[in-house]
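Participant: Quick one: this structure, given as C-alpha cells, is what I'll be asking you about.
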Protein chains: 2
Amino acid sequence: MKLDVYLTPGELVHGEVQGRVTVVIDVLRATSTIVEALGAGARAVYPVVSIEEALRLANTLGREDVLLCGERRCVRIEGFDLGNSPLEFTPERVAGKTLVMSTTNGTQVMAQTAGAERVLIASALNAGAVARTLAEAGSDAVIVCAGREKHFALEDAVVAGHLARRLAEILPGPLETNDGALAALALAGRFPISEGFFLSTGAGQLLEAADLTADLAVCAQIDRHDIVPVFRDRHITLGTR
Amino acid sequence: MKLDVYLTPGELVHGEVQGRVTVVIDVLRATSTIVEALGAGARAVYPVVSIEEALRLANTLGREDVLLCGERRCVRIEGFDLGNSPLEFTPERVAGKTLVMSTTNGTQVMAQTAGAERVLIASALNAGAVARTLAEAGSDAVIVCAGREKHFALEDAVVAGHLARRLAEILPGPLETNDGALAALALAGRFPISEGFFLSTGAGQLLEAADLTADLAVCAQIDRHDIVPVFRDRHITLGTR
C-alpha cells in the first residue's frame, strides 16, 4: 500500500485525500485531547473553529449534555466548561457528554478532508490502534499533520513517522512512501516522543510558557488508549474497529 | 541570530519573510540550474512561470542576447533555446547572455518573497557561499524550500539543513531555530547530498524516468560555485559579497 504524509496543511491542494483513508494529527493538543476525551467516555466531539460557532452549535444540540471546550493562546475560553488540556477530560467530567470543541489548527485540517474515504483522528495516545486500522484496511492512506498556524510542527511529523513505522512493521506487503513519509520516518528515528522532546518544539514552548507542561507528559503517552476516533458528518465518535 | 526554515511554500502566510534575509531553495532543479547558469557567466536570469510570460518578456528585453529556457514535465519547451538541465548551461552557451527561464515551483516561491530584506538563491552547488553570506549579515534569516507543486520535497529540506549546519558552524554566536530548521538539520544528518539519495525522492524519480539522471549528479556537487545569486526587481544576478 501507499502512504503519503503531508507535513503541513497547505499541501492539500490537488485532492490528495480523495478516496483515501485519511489520518489527522495535531499532537499539541487538539487530537491528543480528542482521543483522551473519547477514551474517557465522551459520546462525541464536534470540532469548530470560532467561539461564535461553538455557542451556536451548543444551542442547537441542546445545552443539557453538552460541554463547551476550547482555548485561545492555551487558556480556557471565558464562560466555557473546559479548556483544551487533556488532563481536564476525566471520565467524571465528560462520560456520556457531547463536547463542542473550539480549536484552530486541527479543526481547519478536518475541514480540508472532504472527499476522504474515512477520516481518523490520531495522536501518540492511540498510534498503535490507528496503525492497526490502516493495516487492516490495506488501502492507500494519507496522514495530514495539522501544524501550527499553517506552519510545520515538528511533534506532528514525529508522531506521523512513529505511526508510519508501526504500520510498516505490521503490514504484510511493502509500504510505498512519498517524500513527506520518508522525512517523517527519519524524524521519528531521530526524536523520541517524550515530554523533553516536546519542550524543544515551538508548540511545546508555548505550553511551557502557559504553565501547561503537565499536558506534554500526557500527550507523550504512547498507546494510552486503544481507540480510533472517526470524523464524519462534522463530529467525531469512536469508530468500530 | 534566528533562522527559520519553511519546508513548504504554503507556510508563507503571515509575512514570515518581512525584513529578513531570505534564501530560496529548489534543488531539483530550478535553483541548481540558476546557480550553474550564473556560474557559467550568464549576466542575469529572469524567472517566470508561464510560457506566454517568457515569450513576452524576451520580446521586451530584445531577442539578441536573450535565451529562452524552461521545461514542462522535465522536457525542454518547444521552440525554446534551452531546457532546465544544469548540464545545458555551459559558458559557451550562456556567458554574457540574459536568460528568461520558465520554471514553476522556484519561480512561484520567489514571487512570495516580496518584502524580504534580500533574496538569495541557494542549492547544494553554492551552499557554502550562501552560509558565509548569512553569517556575515548576522541578521535574522529565513530559508524557504520551494518543494514540488506545493508539496514537501525531501531534497530541498536536506539542502536547507546542510546550509543551516554550515551556518551554525561558522556563526560566532548561537543559532536560534524554528521547528522547520530543527527538522531540516536532522534530515541533513540522516540523508547525504548525493545522486543516490536524490534517486529516492519524488523529484529525483521523475528525472530518472525522463532519462535525466546525469542532472542529479551535477545538482549534488556541494560548493561547485563560490557565488551568491540575488533576486531583485524580478531578475537574478550575482550579488557582491
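The chains in the C-alpha cells are called A, B, ... from first to last as shown; in each chain the residues are counted from 1, and the ligands are counted from 1 in the order shown.
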Using only C-alpha atoms, I'd like a table of the residues in chain A that come within 12 Å of chain B; for each, show the closest atom pair and its distance in Å rounded to one decimal, ordered by chain and ascending number, as CSV.
Facilitator:
```
residue,atom,partner,partner_atom,distance
A:Asp4,CA,B:His151,CA,10.7
A:Val5,CA,B:Phe152,CA,9.4
A:Tyr6,CA,B:Phe152,CA,7.4
A:Leu7,CA,B:Phe152,CA,7.2
A:Thr8,CA,B:Thr8,CA,7.4
A:Pro9,CA,B:Gly10,CA,8.0
A:Gly10,CA,B:Gly10,CA,4.8
A:Glu11,CA,B:His151,CA,5.1
A:Leu12,CA,B:His151,CA,8.2
A:Val13,CA,B:Lys150,CA,7.6
A:His14,CA,B:Glu149,CA,9.0
A:Glu16,CA,B:His151,CA,10.2
A:Val144,CA,B:His151,CA,11.9
A:Ala146,CA,B:Glu11,CA,11.9
A:Gly147,CA,B:Glu11,CA,9.9
A:Arg148,CA,B:Glu11,CA,9.7
A:Glu149,CA,B:Glu11,CA,8.4
A:Lys150,CA,B:Glu11,CA,5.5
A:His151,CA,B:Glu11,CA,5.1
A:Phe152,CA,B:Gly180,CA,6.2
A:Ala153,CA,B:Asp179,CA,6.0
A:Leu154,CA,B:Asp179,CA,5.4
A:Glu155,CA,B:Asp179,CA,8.7
A:Asp156,CA,B:Asp179,CA,10.5
A:Ala157,CA,B:Ala183,CA,9.0
A:Val158,CA,B:Ala183,CA,9.5
A:Glu176,CA,B:Ser200,CA,11.4
A:Thr177,CA,B:Gly202,CA,9.5
A:Asn178,CA,B:Gly202,CA,6.8
A:Asp179,CA,B:Leu154,CA,5.4
A:Gly180,CA,B:Phe152,CA,6.2
A:Ala181,CA,B:Leu154,CA,9.5
A:Leu182,CA,B:Leu154,CA,7.8
A:Ala183,CA,B:Leu154,CA,6.7
A:Ala184,CA,B:Ala183,CA,9.3
A:Leu185,CA,B:Leu187,CA,10.2
A:Ala186,CA,B:Leu187,CA,6.9
A:Leu187,CA,B:Ala186,CA,6.9
A:Ala188,CA,B:Ala186,CA,10.3
A:Gly189,CA,B:Arg190,CA,9.5
A:Arg190,CA,B:Ala186,CA,7.0
A:Phe191,CA,B:Ala186,CA,8.9
A:Phe197,CA,B:Leu182,CA,11.5
A:Phe198,CA,B:Asp179,CA,10.8
A:Leu199,CA,B:Asp179,CA,11.4
A:Ser200,CA,B:Asp179,CA,8.5
A:Thr201,CA,B:Asp179,CA,6.0
A:Gly202,CA,B:Asp179,CA,6.3
A:Ala203,CA,B:Asp179,CA,9.1
A:Gly204,CA,B:Asp179,CA,10.6
A:Gln205,CA,B:Asp179,CA,11.1
```
Participant: Could you tell me, as a ChimeraX atom specification, which residues of segment 1-180 of chain B DSSP assigns to alpha helix (DSSP H) when given the backbone?
Facilitator: /B:30-39,51-61,91-94,105-111,127-137,154-170,179-180
Participant: If you keep C-alpha atoms, can you produce a file of those selected residues as a PDB file, in the first residue's frame?
Facilitator:
```pdb
ATOM      1  CA  ALA B  30      15.453  25.463 -10.643  1.00  0.00           C
ATOM      2  CA  THR B  31      17.891  26.983  -8.171  1.00  0.00           C
ATOM      3  CA  SER B  32      20.644  24.489  -9.056  1.00  0.00           C
ATOM      4  CA  THR B  33      20.289  25.465 -12.721  1.00  0.00           C
ATOM      5  CA  ILE B  34      20.228  29.198 -11.914  1.00  0.00           C
ATOM      6  CA  VAL B  35      23.445  28.879  -9.863  1.00  0.00           C
ATOM      7  CA  GLU B  36      25.034  26.842 -12.656  1.00  0.00           C
ATOM      8  CA  ALA B  37      23.981  29.400 -15.281  1.00  0.00           C
ATOM      9  CA  LEU B  38      25.351  32.407 -13.370  1.00  0.00           C
ATOM     10  CA  GLY B  39      28.475  30.408 -12.503  1.00  0.00           C
ATOM     11  CA  ILE B  51       5.473  30.192 -21.427  1.00  0.00           C
ATOM     12  CA  GLU B  52       3.475  33.238 -22.578  1.00  0.00           C
ATOM     13  CA  GLU B  53       5.182  35.430 -19.984  1.00  0.00           C
ATOM     14  CA  ALA B  54       8.574  34.106 -21.080  1.00  0.00           C
ATOM     15  CA  LEU B  55       7.910  34.983 -24.721  1.00  0.00           C
ATOM     16  CA  ARG B  56       6.536  38.433 -23.844  1.00  0.00           C
ATOM     17  CA  LEU B  57       9.498  39.233 -21.602  1.00  0.00           C
ATOM     18  CA  ALA B  58      12.030  38.001 -24.173  1.00  0.00           C
ATOM     19  CA  ASN B  59      10.442  40.365 -26.699  1.00  0.00           C
ATOM     20  CA  THR B  60      10.609  43.291 -24.283  1.00  0.00           C
ATOM     21  CA  LEU B  61      14.243  42.620 -23.399  1.00  0.00           C
ATOM     22  CA  PRO B  91      29.925  29.011 -20.637  1.00  0.00           C
ATOM     23  CA  GLU B  92      29.901  28.576 -24.435  1.00  0.00           C
ATOM     24  CA  ARG B  93      26.134  28.841 -24.498  1.00  0.00           C
ATOM     25  CA  VAL B  94      25.261  31.303 -21.737  1.00  0.00           C
ATOM     26  CA  ASN B 105       7.934  25.843  -8.201  1.00  0.00           C
ATOM     27  CA  GLY B 106      11.021  28.015  -7.730  1.00  0.00           C
ATOM     28  CA  THR B 107       9.557  30.990  -9.582  1.00  0.00           C
ATOM     29  CA  GLN B 108       6.325  30.935  -7.599  1.00  0.00           C
ATOM     30  CA  VAL B 109       8.232  30.974  -4.333  1.00  0.00           C
ATOM     31  CA  MET B 110      10.384  33.912  -5.461  1.00  0.00           C
ATOM     32  CA  ALA B 111       7.143  35.808  -6.106  1.00  0.00           C
ATOM     33  CA  ALA B 127      25.677  26.223  -0.068  1.00  0.00           C
ATOM     34  CA  GLY B 128      28.995  27.292   1.450  1.00  0.00           C
ATOM     35  CA  ALA B 129      28.925  30.732  -0.150  1.00  0.00           C
ATOM     36  CA  VAL B 130      25.335  31.325   0.990  1.00  0.00           C
ATOM     37  CA  ALA B 131      26.136  30.156   4.541  1.00  0.00           C
ATOM     38  CA  ARG B 132      29.042  32.637   4.699  1.00  0.00           C
ATOM     39  CA  THR B 133      26.834  35.453   3.389  1.00  0.00           C
ATOM     40  CA  LEU B 134      24.199  34.740   6.058  1.00  0.00           C
ATOM     41  CA  ALA B 135      26.861  34.603   8.779  1.00  0.00           C
ATOM     42  CA  GLU B 136      28.371  37.906   7.636  1.00  0.00           C
ATOM     43  CA  ALA B 137      24.942  39.582   7.521  1.00  0.00           C
ATOM     44  CA  LEU B 154      12.850  15.984   0.753  1.00  0.00           C
ATOM     45  CA  GLU B 155      15.918  17.116  -1.202  1.00  0.00           C
ATOM     46  CA  ASP B 156      15.087  20.780  -0.550  1.00  0.00           C
ATOM     47  CA  ALA B 157      14.827  20.118   3.200  1.00  0.00           C
ATOM     48  CA  VAL B 158      18.132  18.219   3.235  1.00  0.00           C
ATOM     49  CA  VAL B 159      19.990  21.026   1.439  1.00  0.00           C
ATOM     50  CA  ALA B 160      18.333  23.588   3.751  1.00  0.00           C
ATOM     51  CA  GLY B 161      19.577  21.574   6.726  1.00  0.00           C
ATOM     52  CA  HIS B 162      23.061  21.295   5.237  1.00  0.00           C
ATOM     53  CA  LEU B 163      23.115  25.074   4.810  1.00  0.00           C
ATOM     54  CA  ALA B 164      21.835  25.617   8.369  1.00  0.00           C
ATOM     55  CA  ARG B 165      24.509  23.308   9.789  1.00  0.00           C
ATOM     56  CA  ARG B 166      27.276  25.132   7.963  1.00  0.00           C
ATOM     57  CA  LEU B 167      25.881  28.467   9.115  1.00  0.00           C
ATOM     58  CA  ALA B 168      25.861  27.226  12.719  1.00  0.00           C
ATOM     59  CA  GLU B 169      29.476  26.061  12.345  1.00  0.00           C
ATOM     60  CA  ILE B 170      30.808  29.474  11.294  1.00  0.00           C
ATOM     61  CA  ASP B 179      10.654  23.626  14.117  1.00  0.00           C
ATOM     62  CA  GLY B 180      11.353  23.576  10.366  1.00  0.00           C
TER      63      GLY B 180
END
```
Participant: Would you list the contacts of Leu238 of chain A as a list in words, taking every protein, DNA or RNA residue within 10 Å and counting only C-alpha atoms, but skipping same-chain residues closer than 5 positions in sequence?
Facilitator: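 Near Leu238 of chain A, the qualifying residues are Val35, Leu38, Gly39, Gly41, Ala42, Arg43, Ala44, Val45, Leu120, Ile121, Ile227, Val228, Pro229, Val230 and Phe231 of chain A.
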Participant: Restricting it to N, CA, C and O atoms, dump the selection as a compact mmCIF listing (two decimals), in the first residue's frame.
Facilitator:
```
# COMPACT_ATOMS: atom_id res chain seq x y z
N VAL A 35 -8.70 12.36 21.58
CA VAL A 35 -8.53 10.94 21.91
C VAL A 35 -8.75 10.72 23.40
O VAL A 35 -9.46 9.78 23.82
N LEU A 38 -12.58 11.00 24.22
CA LEU A 38 -13.37 9.82 23.83
C LEU A 38 -12.95 8.60 24.63
O LEU A 38 -13.78 7.76 24.98
N GLY A 39 -11.67 8.53 24.98
CA GLY A 39 -11.19 7.45 25.84
C GLY A 39 -11.80 7.52 27.22
O GLY A 39 -11.97 6.50 27.89
N GLY A 41 -14.80 8.42 27.73
CA GLY A 41 -16.24 8.12 27.66
C GLY A 41 -17.11 9.20 27.07
O GLY A 41 -18.35 9.07 27.08
N ALA A 42 -16.51 10.26 26.55
CA ALA A 42 -17.35 11.27 25.87
C ALA A 42 -18.05 10.61 24.70
O ALA A 42 -17.50 9.70 24.06
N ARG A 43 -19.30 11.04 24.42
CA ARG A 43 -20.08 10.41 23.37
C ARG A 43 -19.65 10.87 21.99
O ARG A 43 -19.61 10.10 21.04
N ALA A 44 -19.37 12.17 21.89
CA ALA A 44 -18.99 12.73 20.59
C ALA A 44 -18.28 14.06 20.80
O ALA A 44 -18.50 14.73 21.82
N VAL A 45 -17.44 14.41 19.84
CA VAL A 45 -16.77 15.72 19.86
C VAL A 45 -17.09 16.43 18.56
O VAL A 45 -16.89 15.87 17.47
N LEU A 120 -9.64 9.51 10.21
CA LEU A 120 -9.30 9.01 11.54
C LEU A 120 -8.52 10.07 12.30
O LEU A 120 -7.76 10.85 11.71
N ILE A 121 -8.70 10.08 13.62
CA ILE A 121 -8.04 11.07 14.47
C ILE A 121 -6.93 10.36 15.24
O ILE A 121 -7.18 9.39 15.96
N ILE A 227 -8.12 3.07 20.95
CA ILE A 227 -9.34 3.53 20.26
C ILE A 227 -8.97 4.29 18.99
O ILE A 227 -7.87 4.83 18.87
N VAL A 228 -9.94 4.31 18.04
CA VAL A 228 -9.72 5.04 16.79
C VAL A 228 -10.91 5.97 16.54
O VAL A 228 -11.94 5.55 15.99
N PRO A 229 -10.81 7.23 16.94
CA PRO A 229 -11.89 8.18 16.66
C PRO A 229 -12.04 8.42 15.16
O PRO A 229 -11.05 8.47 14.43
N VAL A 230 -13.29 8.53 14.73
CA VAL A 230 -13.60 8.76 13.31
C VAL A 230 -14.37 10.07 13.18
O VAL A 230 -15.32 10.32 13.92
N PHE A 231 -13.94 10.90 12.24
CA PHE A 231 -14.60 12.19 11.96
C PHE A 231 -15.56 11.98 10.79
O PHE A 231 -15.15 11.56 9.71
```
Participant: Compile the contact shell of Gly15 of chain B as number ranges by chain: residues with an atom at most 10 Å away, counting only C-alpha atoms, same-chain residues fewer than 3 positions apart removed.
Facilitator: B: 11-12, 18-20, 112-116
Participant: So that I can see what lies close to Glu71 of chain A, please list as an NGL selection string the residues with an atom at most 7 Å from it, counting only C-alpha atoms and leaving out residues fewer than 5 positions away in the same chain.
Facilitator: :A and (76-77 or 83-84 or 102-103)
Participant: Please dump the current selection as a PDB file, in the first residue's frame; keep C-alpha atoms.
Facilitator:
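Written file, out-v9.pdb:
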```pdb
ATOM      1  CA  ARG A  76      -9.703  28.209  28.513  1.00  0.00           C
ATOM      2  CA  ILE A  77     -12.193  30.491  26.740  1.00  0.00           C
ATOM      3  CA  GLY A  83     -10.170  24.280  28.086  1.00  0.00           C
ATOM      4  CA  ASN A  84      -8.112  22.151  25.703  1.00  0.00           C
ATOM      5  CA  SER A 102     -13.166  25.180  19.554  1.00  0.00           C
ATOM      6  CA  THR A 103      -9.618  24.618  18.306  1.00  0.00           C
TER       7      THR A 103
END
```
Participant: Determine which residues of segment 13-236 of chain B receive a DSSP assignment of strand (DSSP E), computed from the backbone, and state them as a PyMOL selection string.
Facilitator: chain B and resi 21-25+44-48+66-72+75-76+98-102+118-122+141-145+176-177+229-232+235-236
Participant: Counting only C-alpha atoms, which of A:Gly173, A:Pro192, A:Gly70, A:Pro86 gets nearest to Ala40 of chain A?
Facilitator: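 Checking each candidate against Ala40 of chain A, we get A:Pro86 as the closest.
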Participant: Quick one, how far is atom CA of Phe80 of chain B from atom CA of Thr213 of chain B?
Facilitator: 21.6 Å
Participant: What does the structure give for the distance between atom CA of Leu125 of chain B and atom CA of His225 of chain B, in Å to one decimal?
Facilitator: 5.8 Å
